[in-house]
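Pasting final-v7.cif here (mmCIF, C-alpha atoms):
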data_query
#
loop_
_atom_site.group_PDB
_atom_site.id
_atom_site.type_symbol
_atom_site.label_atom_id
_atom_site.label_comp_id
_atom_site.auth_asym_id
_atom_site.auth_seq_id
_atom_site.Cartn_x
_atom_site.Cartn_y
_atom_site.Cartn_z
ATOM 1 C CA MET A 163 12.298 -5.860 -24.266
ATOM 2 C CA ARG A 164 15.423 -5.304 -22.184
ATOM 3 C CA MET A 165 16.077 -7.843 -19.438
ATOM 4 C CA PHE A 166 16.343 -6.366 -15.943
ATOM 5 C CA GLU A 167 19.804 -6.736 -14.409
ATOM 6 C CA TRP A 168 19.752 -7.851 -10.776
ATOM 7 C CA GLU A 169 22.476 -6.332 -8.598
ATOM 8 C CA SER A 170 22.976 -7.809 -5.109
ATOM 9 C CA ASP A 171 22.530 -4.516 -3.241
ATOM 10 C CA MET A 172 19.469 -3.748 -5.338
ATOM 11 C CA VAL A 173 17.929 -7.068 -4.279
ATOM 12 C CA ARG A 174 18.722 -6.276 -0.638
ATOM 13 C CA PHE A 175 17.164 -2.815 -0.787
ATOM 14 C CA MET A 176 14.083 -4.084 -2.604
ATOM 15 C CA ARG A 177 13.595 -6.837 -0.034
ATOM 16 C CA ASP A 178 13.751 -4.324 2.809
ATOM 17 C CA ALA A 179 11.231 -2.027 1.143
ATOM 18 C CA SER A 180 8.904 -4.882 0.199
ATOM 19 C CA GLU A 181 8.931 -6.508 3.625
ATOM 20 C CA HIS A 182 8.460 -3.331 5.657
ATOM 21 C CA THR A 183 5.750 -1.495 3.699
ATOM 22 C CA GLU A 184 2.157 -2.276 2.695
ATOM 23 C CA TYR A 185 2.817 -1.373 -0.936
ATOM 24 C CA HIS A 186 2.330 -4.779 -2.541
ATOM 25 C CA GLY A 187 -0.770 -5.617 -0.531
ATOM 26 C CA ARG A 188 -2.394 -2.351 -1.549
ATOM 27 C CA LEU A 189 -1.356 -2.828 -5.167
ATOM 28 C CA ALA A 190 -2.804 -6.352 -5.094
ATOM 29 C CA ASP A 191 -6.099 -4.879 -3.842
ATOM 30 C CA CYS A 192 -6.089 -2.525 -6.844
ATOM 31 C CA ILE A 193 -5.543 -5.500 -9.157
ATOM 32 C CA VAL A 194 -8.429 -7.361 -7.524
ATOM 33 C CA ASP A 195 -10.694 -4.364 -8.113
ATOM 34 C CA ALA A 196 -9.583 -4.109 -11.749
ATOM 35 C CA ALA A 197 -10.162 -7.840 -12.283
ATOM 36 C CA GLY A 198 -13.760 -7.664 -11.089
ATOM 37 C CA GLY A 199 -13.681 -7.626 -7.302
ATOM 38 C CA PRO A 200 -12.860 -10.042 -4.444
ATOM 39 C CA GLN A 201 -15.644 -12.507 -5.223
ATOM 40 C CA ARG A 202 -14.436 -13.038 -8.780
ATOM 41 C CA ALA A 203 -10.778 -13.071 -7.769
ATOM 42 C CA ALA A 204 -11.456 -15.903 -5.323
ATOM 43 C CA SER A 205 -12.051 -18.248 -8.272
ATOM 44 C CA MET A 206 -9.493 -16.871 -10.737
ATOM 45 C CA HIS A 207 -6.046 -17.991 -11.877
ATOM 46 C CA VAL A 208 -3.698 -15.016 -12.258
ATOM 47 C CA CYS A 209 -0.238 -14.923 -13.840
ATOM 48 C CA ASP A 210 2.307 -12.408 -12.525
ATOM 49 C CA ALA A 211 4.441 -11.891 -15.624
ATOM 50 C CA GLY A 212 8.008 -10.728 -15.001
ATOM 51 C CA CYS A 213 7.418 -11.201 -11.279
ATOM 52 C CA GLY A 214 10.958 -10.373 -10.112
ATOM 53 C CA LEU A 215 11.362 -10.969 -6.371
ATOM 54 C CA GLY A 216 7.715 -11.971 -6.253
ATOM 55 C CA TYR A 217 6.359 -9.812 -3.446
ATOM 56 C CA LEU A 218 3.377 -8.907 -5.600
ATOM 57 C CA SER A 219 2.894 -12.621 -6.357
ATOM 58 C CA LEU A 220 2.772 -13.355 -2.617
ATOM 59 C CA ALA A 221 0.152 -10.642 -2.106
ATOM 60 C CA LEU A 222 -1.891 -11.917 -5.049
ATOM 61 C CA ALA A 223 -1.810 -15.451 -3.616
ATOM 62 C CA ALA A 224 -3.765 -14.186 -0.598
ATOM 63 C CA ARG A 225 -6.486 -12.830 -2.892
ATOM 64 C CA PHE A 226 -6.731 -15.103 -5.958
ATOM 65 C CA ALA A 227 -7.457 -18.821 -6.184
ATOM 66 C CA GLN A 228 -4.229 -19.622 -8.017
ATOM 67 C CA VAL A 229 -1.110 -17.634 -8.925
ATOM 68 C CA THR A 230 1.608 -18.480 -11.433
ATOM 69 C CA ALA A 231 4.710 -16.305 -11.088
ATOM 70 C CA VAL A 232 6.894 -16.152 -14.191
ATOM 71 C CA ASP A 233 10.355 -14.661 -14.598
ATOM 72 C CA ILE A 234 13.348 -15.457 -16.756
ATOM 73 C CA ALA A 235 15.956 -14.810 -14.023
ATOM 74 C CA GLU A 236 16.773 -17.390 -11.357
ATOM 75 C CA GLU A 237 18.152 -15.011 -8.695
ATOM 76 C CA PRO A 238 14.870 -13.212 -7.932
ATOM 77 C CA LEU A 239 12.879 -16.444 -8.213
ATOM 78 C CA SER A 240 15.028 -18.020 -5.483
ATOM 79 C CA VAL A 241 13.909 -15.201 -3.173
ATOM 80 C CA LEU A 242 10.281 -15.869 -4.093
ATOM 81 C CA ARG A 243 10.603 -19.617 -3.487
ATOM 82 C CA GLU A 244 12.197 -18.972 -0.108
ATOM 83 C CA ASN A 245 9.422 -16.596 0.941
ATOM 84 C CA ALA A 246 6.642 -18.849 -0.351
ATOM 85 C CA ALA A 247 8.035 -21.831 1.558
ATOM 86 C CA ARG A 248 8.485 -19.788 4.736
ATOM 87 C CA ARG A 249 4.885 -18.568 4.538
ATOM 88 C CA CYS A 250 3.547 -22.038 3.595
ATOM 89 C CA ILE A 251 1.799 -20.707 0.490
ATOM 90 C CA SER A 252 0.277 -23.597 -1.437
ATOM 91 C CA ASN A 253 -1.550 -21.851 -4.315
ATOM 92 C CA LEU A 254 1.554 -20.297 -5.901
ATOM 93 C CA THR A 255 3.495 -21.868 -8.774
ATOM 94 C CA VAL A 256 6.932 -20.424 -9.578
ATOM 95 C CA CYS A 257 7.978 -20.794 -13.209
ATOM 96 C CA ARG A 258 11.357 -19.830 -14.628
ATOM 97 C CA ALA A 259 10.616 -19.061 -18.260
ATOM 98 C CA ASP A 260 10.388 -16.423 -20.941
ATOM 99 C CA MET A 261 6.767 -15.262 -20.902
ATOM 100 C CA ARG A 262 6.788 -15.338 -24.692
ATOM 101 C CA ARG A 263 7.712 -19.030 -24.727
ATOM 102 C CA LEU A 264 5.358 -20.586 -22.189
ATOM 103 C CA PRO A 265 3.735 -23.863 -23.238
ATOM 104 C CA GLU A 266 0.683 -23.266 -25.413
ATOM 105 C CA GLU A 267 -1.593 -25.088 -22.966
ATOM 106 C CA MET A 268 -0.958 -22.571 -20.179
ATOM 107 C CA HIS A 269 -3.980 -20.273 -19.876
ATOM 108 C CA PHE A 270 -5.023 -17.763 -17.212
ATOM 109 C CA ASP A 271 -8.005 -15.680 -16.236
ATOM 110 C CA VAL A 272 -5.760 -12.636 -15.760
ATOM 111 C CA VAL A 273 -2.170 -11.833 -16.704
ATOM 112 C CA VAL A 274 -0.572 -8.983 -14.731
ATOM 113 C CA PHE A 275 2.375 -7.019 -16.115
ATOM 114 C CA CYS A 276 3.659 -4.814 -13.305
ATOM 115 C CA LEU A 277 6.235 -2.227 -14.469
ATOM 116 C CA PHE A 278 7.134 -4.746 -17.154
ATOM 117 C CA GLY A 279 6.679 -4.051 -20.844
ATOM 118 C CA SER A 280 4.471 -1.768 -22.909
ATOM 119 C CA ALA A 281 0.821 -2.285 -23.773
ATOM 120 C CA GLU A 282 1.767 -3.702 -27.176
ATOM 121 C CA GLU A 283 4.240 -6.145 -25.607
ATOM 122 C CA ALA A 284 1.736 -7.216 -22.956
ATOM 123 C CA ILE A 285 -0.927 -7.894 -25.568
ATOM 124 C CA ALA A 286 1.521 -9.865 -27.702
ATOM 125 C CA MET A 287 2.743 -11.993 -24.771
ATOM 126 C CA ALA A 288 -0.744 -12.684 -23.398
ATOM 127 C CA ARG A 289 -2.377 -13.273 -26.771
ATOM 128 C CA GLY A 290 -4.616 -16.355 -26.545
ATOM 129 C CA ARG A 291 -3.629 -16.960 -22.909
ATOM 130 C CA ALA A 292 -5.861 -14.685 -20.861
ATOM 131 C CA GLU A 293 -9.353 -13.245 -20.622
ATOM 132 C CA GLN A 294 -7.970 -10.049 -19.090
ATOM 133 C CA ILE A 295 -4.634 -8.258 -19.132
ATOM 134 C CA ILE A 296 -3.735 -5.804 -16.375
ATOM 135 C CA LEU A 297 -0.783 -3.545 -17.127
ATOM 136 C CA ILE A 298 0.687 -1.364 -14.385
ATOM 137 C CA GLN A 299 2.916 1.494 -15.446
ATOM 138 C CA LYS A 300 4.422 4.553 -13.819
ATOM 139 C CA SER A 301 2.180 7.469 -14.735
ATOM 140 C CA ALA A 302 4.898 9.973 -13.858
ATOM 141 C CA ARG A 303 8.655 9.624 -14.074
ATOM 142 C CA ASP A 304 9.482 10.244 -10.444
ATOM 143 C CA ARG A 305 13.164 10.436 -9.627
ATOM 144 C CA CYS A 306 12.555 10.271 -5.884
ATOM 145 C CA PHE A 307 15.537 7.959 -5.362
ATOM 146 C CA SER A 308 18.016 10.135 -7.233
ATOM 147 C CA LEU A 309 19.570 13.380 -6.083
ATOM 148 C CA GLY A 310 18.449 15.320 -9.138
ATOM 149 C CA ARG A 311 15.145 17.035 -9.618
ATOM 150 C CA GLU A 312 12.056 15.161 -10.705
ATOM 151 C CA ASP A 313 11.435 14.983 -14.424
ATOM 152 C CA GLY A 314 7.869 16.151 -13.963
ATOM 153 C CA ALA A 315 4.581 14.390 -14.512
ATOM 154 C CA ALA A 316 5.091 13.126 -18.013
ATOM 155 C CA ALA A 317 2.221 10.712 -18.493
ATOM 156 C CA GLY A 318 2.975 7.221 -19.689
ATOM 157 C CA LYS A 319 1.556 5.750 -22.855
ATOM 158 C CA ALA A 320 -0.817 3.430 -20.995
ATOM 159 C CA GLY A 321 -3.981 5.168 -22.080
ATOM 160 C CA GLY A 322 -2.842 5.968 -25.605
ATOM 161 C CA GLN A 323 -5.110 4.832 -28.412
ATOM 162 C CA SER A 324 -2.246 3.171 -30.318
ATOM 163 C CA ASP A 325 -1.470 0.991 -27.296
ATOM 164 C CA CYS A 326 -5.070 -0.225 -27.002
ATOM 165 C CA SER A 327 -5.836 -1.075 -30.619
ATOM 166 C CA GLY A 328 -7.778 -4.310 -30.840
ATOM 167 C CA VAL A 329 -8.744 -4.412 -27.171
ATOM 168 C CA GLN A 330 -11.391 -3.032 -24.860
ATOM 169 C CA CYS A 331 -9.587 -1.074 -22.157
ATOM 170 C CA ASP A 332 -9.996 1.257 -19.232
ATOM 171 C CA VAL A 333 -7.439 3.114 -17.134
ATOM 172 C CA ARG A 334 -7.412 4.139 -13.498
ATOM 173 C CA SER A 335 -4.750 5.920 -11.463
ATOM 174 C CA VAL A 336 -3.469 5.276 -7.959
ATOM 175 C CA THR A 337 -0.757 6.698 -5.717
ATOM 176 C CA LEU A 338 0.895 4.294 -3.267
ATOM 177 C CA ARG A 339 3.642 4.834 -0.702
ATOM 178 C CA LEU A 340 6.837 2.837 -1.103
ATOM 179 C CA ASP A 341 9.205 4.240 1.504
ATOM 180 C CA GLN A 342 12.714 2.781 1.507
ATOM 181 C CA PRO A 343 14.012 1.674 4.933
ATOM 182 C CA ILE A 344 17.747 2.309 5.363
ATOM 183 C CA ARG A 345 20.001 0.478 7.850
ATOM 184 C CA SER A 346 22.839 3.042 8.072
ATOM 185 C CA VAL A 347 24.167 6.251 6.581
ATOM 186 C CA GLU A 348 26.617 4.159 4.558
ATOM 187 C CA ASP A 349 23.702 2.164 3.166
ATOM 188 C CA GLY A 350 21.984 5.421 2.284
ATOM 189 C CA ILE A 351 25.047 6.542 0.356
ATOM 190 C CA ARG A 352 25.158 3.204 -1.419
ATOM 191 C CA PHE A 353 21.443 3.395 -2.219
ATOM 192 C CA PHE A 354 21.614 6.857 -3.761
ATOM 193 C CA THR A 355 24.804 5.974 -5.627
ATOM 194 C CA LEU A 356 23.194 2.820 -7.012
ATOM 195 C CA TYR A 357 20.027 4.520 -8.194
ATOM 196 C CA GLY A 358 21.665 7.835 -9.053
ATOM 197 C CA CYS A 359 24.047 6.114 -11.464
ATOM 198 C CA ARG A 360 21.030 5.033 -13.489
ATOM 199 C CA TYR A 361 20.542 8.731 -14.281
ATOM 200 C CA GLY A 362 24.215 9.481 -14.856
ATOM 201 C CA GLU A 363 24.757 11.038 -11.437
ATOM 202 C CA ALA A 364 28.098 10.859 -9.641
ATOM 203 C CA GLN A 365 29.010 9.365 -6.251
ATOM 204 C CA VAL A 366 27.010 11.116 -3.523
ATOM 205 C CA THR A 367 28.389 12.556 -0.309
ATOM 206 C CA ARG A 368 27.324 11.761 3.245
ATOM 207 C CA GLY A 369 25.705 15.179 3.575
ATOM 208 C CA GLU A 370 23.726 14.787 0.350
ATOM 209 C CA ALA A 371 22.409 11.410 1.464
ATOM 210 C CA LEU A 372 21.415 12.702 4.921
ATOM 211 C CA LEU A 373 19.444 15.533 3.338
ATOM 212 C CA ARG A 374 17.213 13.020 1.555
ATOM 213 C CA MET A 375 16.654 10.655 4.505
ATOM 214 C CA GLN A 376 14.423 10.955 7.570
ATOM 215 C CA ALA A 377 15.479 9.705 11.006
ATOM 216 C CA THR A 378 13.100 7.108 12.481
ATOM 217 C CA GLY A 379 14.506 6.301 15.921
ATOM 218 C CA ASP A 380 14.336 2.617 14.973
ATOM 219 C CA SER A 381 17.431 0.541 15.752
ATOM 220 C CA GLU A 382 17.144 -1.736 12.706
ATOM 221 C CA PHE A 383 16.227 0.964 10.201
ATOM 222 C CA PRO A 384 17.324 4.324 11.655
ATOM 223 C CA TYR A 385 16.438 6.127 8.400
ATOM 224 C CA ILE A 386 13.808 6.009 5.680
ATOM 225 C CA ILE A 387 13.678 7.581 2.267
ATOM 226 C CA PRO A 388 10.053 8.669 1.822
ATOM 227 C CA ALA A 389 8.661 7.969 -1.622
ATOM 228 C CA GLN A 390 5.418 7.607 -3.539
ATOM 229 C CA ARG A 391 4.647 5.755 -6.748
ATOM 230 C CA ARG A 392 2.050 7.224 -9.040
ATOM 231 C CA LEU A 393 0.741 4.392 -11.169
ATOM 232 C CA SER A 394 -1.625 3.852 -14.076
ATOM 233 C CA ILE A 395 -3.539 0.574 -14.008
ATOM 234 C CA LEU A 396 -4.677 -0.398 -17.485
ATOM 235 C CA ARG A 397 -7.224 -3.218 -17.749
ATOM 236 C CA MET A 398 -7.459 -4.721 -21.221
ATOM 237 C CA ILE A 399 -9.904 -7.316 -22.548
ATOM 238 C CA PRO A 400 -8.525 -8.794 -25.789
ATOM 239 C CA GLN A 401 -10.959 -8.798 -28.684
ATOM 240 C CA PHE A 402 -9.361 -11.847 -30.254
ATOM 241 C CA SER A 403 -9.720 -15.560 -29.612
ATOM 242 C CA GLY A 404 -7.553 -18.590 -29.027
#

In structure tokens, how does this file's structure come out?
Amino acid sequence: MRMFEWESDMVRFMRDASEHTEYHGRLADCIVDAAGGPQRAASMHVCDAGCGLGYLSLALAARFAQVTAVDIAEEPLSVLRENAARRCISNLTVCRADMRRLPEEMHFDVVVFCLFGSAEEAIAMARGRAEQIILIQKSARDRCFSLGREDGAAAGKAGGQSDCSGVQCDVRSVTLRLDQPIRSVEDGIRFFTLYGCRYGEAQVTRGEALLRMQATGDSEFPYIIPAQRRLSILRMIPQFSG
């Protein structure tokens, strides 16, 4: 599994999107439903594996009894600690670690892998640690943040039989908005350059960036880049013990 590389502008853009949309709250509601509903979630301990900046962890903490957020990188975890302290969240534990090397005594009711790893990797990392595994994957490869065309709706492997061998599983789909607020045209250029380079695209022009942004009339974020994420939520119940 390739480790995600955190770039300072990427962190800044992700913070803006996470703090000015309802995306993570709505995704957390989907996870609650997959885990058995609000009543069950209120007594469950959930692990957010590969939590990154932790905005999903914060949303889960408002819905589950206990949350453990795990990531191997310190930079995003510092953002999570800052936000948790500012919001006075007491049922969230932040753990810098490789998910594959957590102490054997750490067990959870649910382990969530959000845009992190394949079904096989999730099963291997949560083996003996969780009653349920919830894997969230992109169900279509949307290139909404690049200047090229979309790749189409190539379905992910989430529901594939080979991914689910040895587990009971079900899959549901959801589409959630994750608009990107933009502070200036220059930031828009930087944003498209940053994400476009991931697809081998060249430096973008001011005109190209403006074509993809919508004016808002807001002084802090005068532009947004409208976007949707089409996700598959795979709930797996391991058929193995201890």

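Compared by their closest atoms to Met176 of chain A, and using all atoms listed in the file, the residues A:Gln342, A:Ser394, A:Gln401, A:Thr378 rank with A:Gln342 nearest.
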
Worksheet item: Can you list what the PyMOL selection byres ((chain A and resi 340) around 10) grabs from this structure, as a count of residues only?
Response: 18

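Within the file as shown, the PyMOL selection byres ((chain A and resi 283-289) around 8) identifies Met261, Arg262, Val273, Phe275, Gly279, Ser280, Ala281, Glu282, Gly290, Arg291, Ala292, Ile295, Leu297, Pro400, Phe402 and Gly404 of chain A.
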
Item to complete: Could you tell me which residues the PyMOL selection byres ((chain A and resi 365-371) around 6) returns for this structure, as an MDAnalysis selection string?
Response: chainID A and resid 351 355 364 372:374

Item to complete: Would you please work out which residue, of A:Asp233, A:Asp349, A:Asp191, A:Asp210, is nearest to Asp260 of chain A when using all atoms listed in the file?
Response: A:Asp233
